[in-house]
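Okay, structure-v8.pdb now, which holds PDB, C-alpha atoms, pLDDT in the B column:
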```
ATOM      1  CA  MET A  17     -40.175  -2.518 -81.634  1.00 75.00           C
ATOM      2  CA  ILE A  18     -37.751  -4.220 -79.216  1.00 74.00           C
ATOM      3  CA  GLN A  19     -38.578  -7.597 -80.807  1.00 70.00           C
ATOM      4  CA  TRP A  20     -37.482  -6.317 -84.230  1.00 71.00           C
ATOM      5  CA  ILE A  21     -34.230  -4.995 -82.802  1.00 73.00           C
ATOM      6  CA  LEU A  22     -33.514  -8.342 -81.143  1.00 64.00           C
ATOM      7  CA  PHE A  23     -34.444 -10.173 -84.338  1.00 63.00           C
ATOM      8  CA  ALA A  24     -32.123  -7.940 -86.381  1.00 64.00           C
ATOM      9  CA  ALA A  25     -29.277  -8.458 -83.886  1.00 60.00           C
ATOM     10  CA  LEU A  26     -29.699 -12.245 -83.968  1.00 60.00           C
ATOM     11  CA  LEU A  27     -29.877 -12.238 -87.759  1.00 62.00           C
ATOM     12  CA  LEU A  28     -26.705 -10.154 -87.959  1.00 63.00           C
ATOM     13  CA  PHE A  29     -24.963 -12.533 -85.553  1.00 62.00           C
ATOM     14  CA  TRP A  30     -26.056 -15.577 -87.569  1.00 61.00           C
ATOM     15  CA  LEU A  31     -24.905 -14.012 -90.836  1.00 61.00           C
ATOM     16  CA  THR A  32     -21.477 -13.089 -89.476  1.00 61.00           C
ATOM     17  CA  ALA A  33     -20.776 -15.844 -86.935  1.00 60.00           C
ATOM     18  CA  PRO A  34     -17.652 -17.877 -87.720  1.00 57.00           C
ATOM     19  CA  ARG A  35     -17.927 -21.463 -88.807  1.00 57.00           C
ATOM     20  CA  LEU A  36     -15.052 -22.918 -86.871  1.00 55.00           C
ATOM     21  CA  GLY A  37     -15.518 -26.609 -86.156  1.00 57.00           C
ATOM     22  CA  LYS A  38     -14.404 -28.061 -82.842  1.00 57.00           C
ATOM     23  CA  ARG A  39     -11.483 -29.904 -84.415  1.00 61.00           C
ATOM     24  CA  ARG A  40     -10.183 -26.781 -86.170  1.00 61.00           C
ATOM     25  CA  ALA A  41     -10.751 -24.680 -83.039  1.00 61.00           C
ATOM     26  CA  ARG A  42      -8.625 -27.031 -80.912  1.00 67.00           C
ATOM     27  CA  ARG A  43      -5.573 -26.236 -83.051  1.00 68.00           C
ATOM     28  CA  TRP A  44      -5.813 -22.611 -81.906  1.00 72.00           C
ATOM     29  CA  GLN A  45      -6.392 -23.241 -78.195  1.00 76.00           C
ATOM     30  CA  GLY A  46      -3.487 -22.221 -76.006  1.00 79.00           C
ATOM     31  CA  THR A  47      -1.685 -20.421 -78.810  1.00 83.00           C
ATOM     32  CA  CYS A  48       0.124 -17.265 -77.751  1.00 88.00           C
ATOM     33  CA  PHE A  49      -0.284 -14.494 -80.331  1.00 91.00           C
ATOM     34  CA  ALA A  50       2.050 -11.589 -81.054  1.00 93.00           C
ATOM     35  CA  HIS A  51      -0.137  -8.560 -81.763  1.00 95.00           C
ATOM     36  CA  ARG A  52       1.218  -6.968 -84.966  1.00 95.00           C
ATOM     37  CA  GLY A  53       4.126  -9.387 -84.757  1.00 95.00           C
ATOM     38  CA  LEU A  54       6.738  -9.594 -82.026  1.00 93.00           C
ATOM     39  CA  HIS A  55       7.881  -5.974 -82.025  1.00 95.00           C
ATOM     40  CA  GLY A  56       9.829  -3.700 -79.716  1.00 93.00           C
ATOM     41  CA  ASN A  57      13.550  -3.316 -78.992  1.00 91.00           C
ATOM     42  CA  GLY A  58      14.133  -1.744 -82.392  1.00 93.00           C
ATOM     43  CA  VAL A  59      11.705  -3.941 -84.345  1.00 95.00           C
ATOM     44  CA  SER A  60       8.660  -2.158 -85.809  1.00 96.00           C
ATOM     45  CA  GLU A  61       5.116  -3.484 -85.552  1.00 95.00           C
ATOM     46  CA  ASN A  62       3.618  -5.180 -88.612  1.00 95.00           C
ATOM     47  CA  SER A  63       7.090  -5.498 -90.159  1.00 97.00           C
ATOM     48  CA  LEU A  64       8.759  -8.533 -91.684  1.00 97.00           C
ATOM     49  CA  GLY A  65      11.238  -8.453 -88.779  1.00 97.00           C
ATOM     50  CA  ALA A  66       8.381  -8.572 -86.257  1.00 97.00           C
ATOM     51  CA  PHE A  67       6.846 -11.525 -88.087  1.00 97.00           C
ATOM     52  CA  GLU A  68      10.163 -13.370 -88.207  1.00 97.00           C
ATOM     53  CA  ALA A  69      10.706 -12.774 -84.479  1.00 97.00           C
ATOM     54  CA  ALA A  70       7.231 -14.137 -83.714  1.00 97.00           C
ATOM     55  CA  CYS A  71       7.888 -17.238 -85.817  1.00 96.00           C
ATOM     56  CA  ARG A  72      11.190 -17.882 -84.048  1.00 96.00           C
ATOM     57  CA  ALA A  73       9.444 -17.525 -80.669  1.00 95.00           C
ATOM     58  CA  GLY A  74       6.678 -19.901 -81.767  1.00 93.00           C
ATOM     59  CA  CYS A  75       3.966 -17.258 -81.401  1.00 94.00           C
ATOM     60  CA  GLY A  76       0.988 -16.903 -83.693  1.00 95.00           C
ATOM     61  CA  ILE A  77       0.750 -13.567 -85.468  1.00 97.00           C
ATOM     62  CA  GLU A  78      -2.035 -11.002 -85.648  1.00 96.00           C
ATOM     63  CA  LEU A  79      -1.621  -8.563 -88.513  1.00 97.00           C
ATOM     64  CA  ASP A  80      -3.702  -5.816 -90.145  1.00 97.00           C
ATOM     65  CA  VAL A  81      -4.525  -5.597 -93.853  1.00 98.00           C
ATOM     66  CA  ARG A  82      -5.759  -2.667 -95.922  1.00 97.00           C
ATOM     67  CA  PHE A  83      -5.541  -1.397 -99.509  1.00 96.00           C
ATOM     68  CA  SER A  84      -3.002   1.011-100.926  1.00 97.00           C
ATOM     69  CA  ARG A  85      -4.301   3.605-103.410  1.00 96.00           C
ATOM     70  CA  ASP A  86      -3.551   1.272-106.322  1.00 96.00           C
ATOM     71  CA  GLY A  87      -5.413  -1.648-104.722  1.00 95.00           C
ATOM     72  CA  GLN A  88      -2.438  -3.579-103.332  1.00 97.00           C
ATOM     73  CA  LEU A  89      -2.777  -5.433-100.014  1.00 98.00           C
ATOM     74  CA  ILE A  90      -0.515  -3.854 -97.427  1.00 98.00           C
ATOM     75  CA  VAL A  91       0.078  -4.758 -93.785  1.00 98.00           C
ATOM     76  CA  PHE A  92      -0.453  -1.601 -91.735  1.00 97.00           C
ATOM     77  CA  HIS A  93      -2.580  -0.894 -88.683  1.00 96.00           C
ATOM     78  CA  ASP A  94      -3.035   2.865 -88.299  1.00 95.00           C
ATOM     79  CA  ASP A  95      -5.486   5.049 -90.208  1.00 95.00           C
ATOM     80  CA  THR A  96      -2.626   7.420 -91.092  1.00 96.00           C
ATOM     81  CA  LEU A  97       1.069   6.972 -91.783  1.00 96.00           C
ATOM     82  CA  ARG A  98       2.028   9.706 -89.286  1.00 96.00           C
ATOM     83  CA  ARG A  99       2.919   7.692 -86.159  1.00 96.00           C
ATOM     84  CA  LEU A 100       5.204   5.151 -87.820  1.00 95.00           C
ATOM     85  CA  CYS A 101       6.377   6.881 -91.002  1.00 95.00           C
ATOM     86  CA  GLY A 102       5.979  10.611 -90.314  1.00 93.00           C
ATOM     87  CA  ASP A 103       3.662  11.085 -93.313  1.00 94.00           C
ATOM     88  CA  ALA A 104       0.262  12.765 -92.818  1.00 95.00           C
ATOM     89  CA  ARG A 105      -1.483  10.735 -95.540  1.00 96.00           C
ATOM     90  CA  LYS A 106      -3.732   7.743 -95.059  1.00 96.00           C
ATOM     91  CA  PRO A 107      -2.265   4.481 -96.398  1.00 96.00           C
ATOM     92  CA  GLU A 108      -5.122   4.379 -98.914  1.00 96.00           C
ATOM     93  CA  GLN A 109      -3.907   7.697-100.376  1.00 96.00           C
ATOM     94  CA  ALA A 110      -0.486   6.351-101.395  1.00 97.00           C
ATOM     95  CA  THR A 111       0.449   3.836-104.068  1.00 97.00           C
ATOM     96  CA  LEU A 112       2.435   0.756-103.166  1.00 97.00           C
ATOM     97  CA  ALA A 113       5.547   2.309-104.748  1.00 97.00           C
ATOM     98  CA  GLU A 114       5.122   5.430-102.599  1.00 97.00           C
ATOM     99  CA  LEU A 115       4.577   3.323 -99.479  1.00 97.00           C
ATOM    100  CA  LYS A 116       7.685   1.247-100.215  1.00 97.00           C
ATOM    101  CA  ARG A 117       9.784   4.447-100.210  1.00 97.00           C
ATOM    102  CA  LEU A 118       8.594   5.274 -96.674  1.00 96.00           C
ATOM    103  CA  ARG A 119      10.469   3.759 -93.739  1.00 96.00           C
ATOM    104  CA  LEU A 120       9.157   2.266 -90.519  1.00 96.00           C
ATOM    105  CA  PRO A 121      11.128   3.227 -87.372  1.00 95.00           C
ATOM    106  CA  ASP A 122      13.431   0.201 -87.761  1.00 95.00           C
ATOM    107  CA  GLY A 123      14.252   1.133 -91.379  1.00 95.00           C
ATOM    108  CA  GLU A 124      12.096  -1.531 -93.015  1.00 96.00           C
ATOM    109  CA  SER A 125       9.416  -0.717 -95.560  1.00 96.00           C
ATOM    110  CA  ILE A 126       5.711  -1.444 -95.182  1.00 97.00           C
ATOM    111  CA  PRO A 127       5.182  -5.065 -96.268  1.00 98.00           C
ATOM    112  CA  THR A 128       2.507  -6.404 -98.560  1.00 98.00           C
ATOM    113  CA  LEU A 129       0.314  -9.249 -97.338  1.00 97.00           C
ATOM    114  CA  CYS A 130       1.992 -11.633 -99.792  1.00 96.00           C
ATOM    115  CA  GLU A 131       5.449 -10.666 -98.467  1.00 97.00           C
ATOM    116  CA  ALA A 132       4.280 -11.241 -94.900  1.00 97.00           C
ATOM    117  CA  LEU A 133       2.742 -14.627 -95.695  1.00 97.00           C
ATOM    118  CA  ASP A 134       5.870 -15.657 -97.616  1.00 96.00           C
ATOM    119  CA  ARG A 135       8.020 -14.767 -94.585  1.00 96.00           C
ATOM    120  CA  ILE A 136       5.717 -16.598 -92.159  1.00 97.00           C
ATOM    121  CA  ALA A 137       5.534 -19.586 -94.541  1.00 95.00           C
ATOM    122  CA  GLY A 138       2.966 -21.473 -92.454  1.00 94.00           C
ATOM    123  CA  ARG A 139       5.304 -21.787 -89.453  1.00 95.00           C
ATOM    124  CA  VAL A 140       2.754 -20.273 -87.040  1.00 95.00           C
ATOM    125  CA  PRO A 141      -0.996 -19.530 -87.149  1.00 94.00           C
ATOM    126  CA  VAL A 142      -2.011 -16.119 -88.494  1.00 96.00           C
ATOM    127  CA  LEU A 143      -4.964 -13.895 -87.549  1.00 95.00           C
ATOM    128  CA  ILE A 144      -5.615 -11.455 -90.373  1.00 96.00           C
ATOM    129  CA  GLU A 145      -7.615  -8.389 -89.413  1.00 97.00           C
ATOM    130  CA  VAL A 146      -9.317  -6.858 -92.443  1.00 96.00           C
ATOM    131  CA  LYS A 147      -9.544  -3.126 -91.771  1.00 96.00           C
ATOM    132  CA  THR A 148     -12.806  -1.286 -92.443  1.00 93.00           C
ATOM    133  CA  CYS A 149     -12.957   0.610 -95.732  1.00 93.00           C
ATOM    134  CA  ARG A 150     -15.405   1.701 -98.427  1.00 92.00           C
ATOM    135  CA  ARG A 151     -14.447  -1.258-100.648  1.00 94.00           C
ATOM    136  CA  ILE A 152     -14.720  -3.894 -97.917  1.00 95.00           C
ATOM    137  CA  PHE A 153     -16.081  -6.628-100.215  1.00 94.00           C
ATOM    138  CA  ARG A 154     -13.209  -6.097-102.686  1.00 96.00           C
ATOM    139  CA  LEU A 155     -10.700  -6.046 -99.839  1.00 96.00           C
ATOM    140  CA  THR A 156     -12.126  -9.255 -98.388  1.00 95.00           C
ATOM    141  CA  ASP A 157     -12.053 -10.950-101.797  1.00 95.00           C
ATOM    142  CA  ALA A 158      -8.457  -9.829-102.384  1.00 96.00           C
ATOM    143  CA  VAL A 159      -7.351 -11.228 -99.011  1.00 96.00           C
ATOM    144  CA  CYS A 160      -9.060 -14.549 -99.795  1.00 94.00           C
ATOM    145  CA  ALA A 161      -7.316 -14.666-103.187  1.00 94.00           C
ATOM    146  CA  CYS A 162      -3.945 -13.993-101.540  1.00 94.00           C
ATOM    147  CA  LEU A 163      -4.579 -16.821 -99.068  1.00 93.00           C
ATOM    148  CA  ALA A 164      -5.377 -19.354-101.808  1.00 90.00           C
ATOM    149  CA  GLY A 165      -2.714 -22.027-101.584  1.00 83.00           C
ATOM    150  CA  CYS A 166      -1.119 -20.378 -98.554  1.00 88.00           C
ATOM    151  CA  PRO A 167       0.358 -22.960 -96.172  1.00 90.00           C
ATOM    152  CA  GLY A 168      -0.507 -23.058 -92.503  1.00 88.00           C
ATOM    153  CA  ASP A 169      -3.461 -22.065 -90.375  1.00 89.00           C
ATOM    154  CA  TYR A 170      -5.120 -18.678 -90.597  1.00 89.00           C
ATOM    155  CA  LEU A 171      -8.314 -16.907 -89.611  1.00 90.00           C
ATOM    156  CA  ILE A 172      -9.781 -13.670 -90.884  1.00 92.00           C
ATOM    157  CA  GLU A 173     -11.232 -11.239 -88.382  1.00 93.00           C
ATOM    158  CA  SER A 174     -12.765  -7.809 -88.799  1.00 94.00           C
ATOM    159  CA  PHE A 175     -14.661  -5.204 -86.835  1.00 94.00           C
ATOM    160  CA  ASP A 176     -16.709  -4.647 -89.999  1.00 93.00           C
ATOM    161  CA  PRO A 177     -19.619  -7.130 -90.116  1.00 91.00           C
ATOM    162  CA  ARG A 178     -19.776  -6.723 -93.907  1.00 91.00           C
ATOM    163  CA  CYS A 179     -16.429  -8.516 -94.178  1.00 92.00           C
ATOM    164  CA  LEU A 180     -17.636 -11.438 -92.094  1.00 89.00           C
ATOM    165  CA  PHE A 181     -20.922 -11.531 -94.025  1.00 87.00           C
ATOM    166  CA  ARG A 182     -18.956 -11.702 -97.281  1.00 90.00           C
ATOM    167  CA  LEU A 183     -16.725 -14.491 -95.958  1.00 88.00           C
ATOM    168  CA  ARG A 184     -19.707 -16.538 -94.852  1.00 85.00           C
ATOM    169  CA  PHE A 185     -20.916 -16.818 -98.431  1.00 84.00           C
ATOM    170  CA  VAL A 186     -17.834 -16.574-100.678  1.00 85.00           C
ATOM    171  CA  ALA A 187     -15.246 -18.365 -98.508  1.00 86.00           C
ATOM    172  CA  PRO A 188     -16.989 -20.453 -95.844  1.00 82.00           C
ATOM    173  CA  GLN A 189     -13.868 -22.617 -95.464  1.00 80.00           C
ATOM    174  CA  ILE A 190     -12.009 -19.646 -93.950  1.00 79.00           C
TER
END
```
Starting from the file, give its structure as structure tokens.
Amino acid sequence: MIQWILFAALLLFWLTAPRLGKRRARRWQGTCFAHRGLHGNGVSENSLGAFEAACRAGCGIELDVRFSRDGQLIVFHDDTLRRLCGDARKPEQATLAELKRLRLPDGESIPTLCEALDRIAGRVPVLIEVKTCRRIFRLTDAVCACLAGCPGDYLIESFDPRCLFRLRFVAPQI
């Protein structure tokens, strides 16, 4: 029984392990990353202002991506909108238009992934965390489509092995 568990764990690791060559990995070594952008002092996390501040400081950016109810890619970390926007709903329960009417503590609206990438414009490396959801394959595919033609260096990360499994086969270059 223990052999099958070890075999399954190794198989899962092989299917989800990143394919980052040594040359590509060197570009990331020593990079300081701003978790959810460079926020604080009146700048909200995962906001365009936080991403701009990180770019100006020369820091890479880690950001979180999930779907809105209408299938748009939004940059938001929490499972609910309560902490940052005072709304009890989950981000997935609101359309992009509804989310755009909400305000982060600094007055900005919740950005889309495309807005964030346009603001960053390849100036610094980006770590994109794909949040776990029921439609993880669709979310992963949508993120890959958004990244097509995007300048700069980026990696996709996820705590959901299904995302990494999907990437291994549909976008091995990422």
12 Å contact set for segment 108-120 of chain A, all atoms listed in the file, chain neighbours under 5 positions out, as a ChimeraX atom specification:
/A:55,58-66,81-103,125-129,147-151,155
- Message: What's the separation between atom CA of Ala158 of chain A and atom CA of Phe175 of chain A, in Å to one decimal place?
- Response: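 Separation of atom CA of Ala158 of chain A and atom CA of Phe175 of chain A: 17.4 Å.
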### Message
as a list of chain:residue names, please: the residues near Phe49 of chain A (cut-off 7 Å, only C-alpha atoms, same-chain neighbours under 2 positions excluded).
### Response
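What passes the distance filter is A:Thr47, A:His51, A:Cys75, A:Gly76, A:Ile77, A:Glu78.
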Store the residues picked out above in a file with C-alpha atoms, as a short mmCIF file (atom, residue, chain, number, x, y, z; two decimals), in the frame of the given file.
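That gives us out.cif:
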```
data_model
loop_
_atom_site.label_atom_id
_atom_site.label_comp_id
_atom_site.auth_asym_id
_atom_site.auth_seq_id
_atom_site.Cartn_x
_atom_site.Cartn_y
_atom_site.Cartn_z
CA THR A 47 -1.68 -20.42 -78.81
CA HIS A 51 -0.14 -8.56 -81.76
CA CYS A 75 3.97 -17.26 -81.40
CA GLY A 76 0.99 -16.90 -83.69
CA ILE A 77 0.75 -13.57 -85.47
CA GLU A 78 -2.04 -11.00 -85.65
#
```
ask   = Closest to Gly168 of chain A among A:Cys130, A:Ile136, A:Leu54, A:Ile21, using only C-alpha atoms?
value =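 Answer, going by the shortest atom-to-atom distance: A:Ile136.
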Evaluate the PyMOL selection byres ((chain A and resi 143) around 9) against this structure - the residues, as an mmCIF file with C-alpha atoms, in the frame of the given file, please.
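part21.cif was written with the following content:
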```
data_model
loop_
_atom_site.group_PDB
_atom_site.id
_atom_site.type_symbol
_atom_site.label_atom_id
_atom_site.label_comp_id
_atom_site.auth_asym_id
_atom_site.auth_seq_id
_atom_site.Cartn_x
_atom_site.Cartn_y
_atom_site.Cartn_z
ATOM 1 C CA PHE A 49 -0.284 -14.494 -80.331
ATOM 2 C CA GLY A 76 0.988 -16.903 -83.693
ATOM 3 C CA ILE A 77 0.750 -13.567 -85.468
ATOM 4 C CA GLU A 78 -2.035 -11.002 -85.648
ATOM 5 C CA LEU A 79 -1.621 -8.563 -88.513
ATOM 6 C CA ASP A 80 -3.702 -5.816 -90.145
ATOM 7 C CA PRO A 141 -0.996 -19.530 -87.149
ATOM 8 C CA VAL A 142 -2.011 -16.119 -88.494
ATOM 9 C CA ILE A 144 -5.615 -11.455 -90.373
ATOM 10 C CA GLU A 145 -7.615 -8.389 -89.413
ATOM 11 C CA ASP A 169 -3.461 -22.065 -90.375
ATOM 12 C CA TYR A 170 -5.120 -18.678 -90.597
ATOM 13 C CA LEU A 171 -8.314 -16.907 -89.611
ATOM 14 C CA ILE A 172 -9.781 -13.670 -90.884
ATOM 15 C CA GLU A 173 -11.232 -11.239 -88.382
#
```
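If you look at atom CA of Arg184 of chain A and atom CA of Lys106 of chain A, they are 29.1 Å away from each other.
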Closest of A:Ile190, A:Ile18, A:Val146, A:Cys179 to Leu163 of chain A, counting only C-alpha atoms, is A:Ile190
Quick one: residues within 8 Å of Cys160 of chain A, all atoms listed in the file, excluding same-chain residues fewer than 4 positions away - as a list in words? Thr156, Ala164 and Ala187 of chain A
Mind giving me the axis-aligned box for segment 77-90 of chain A with 5 Å on every side, centre plus edges in Å to one decimal, as lines of an AutoDock Vina configuration file?
```
center_x = -2.5
center_y = -5.0
center_z = -95.9
size_x = 16.5
size_y = 27.2
size_z = 30.9
```
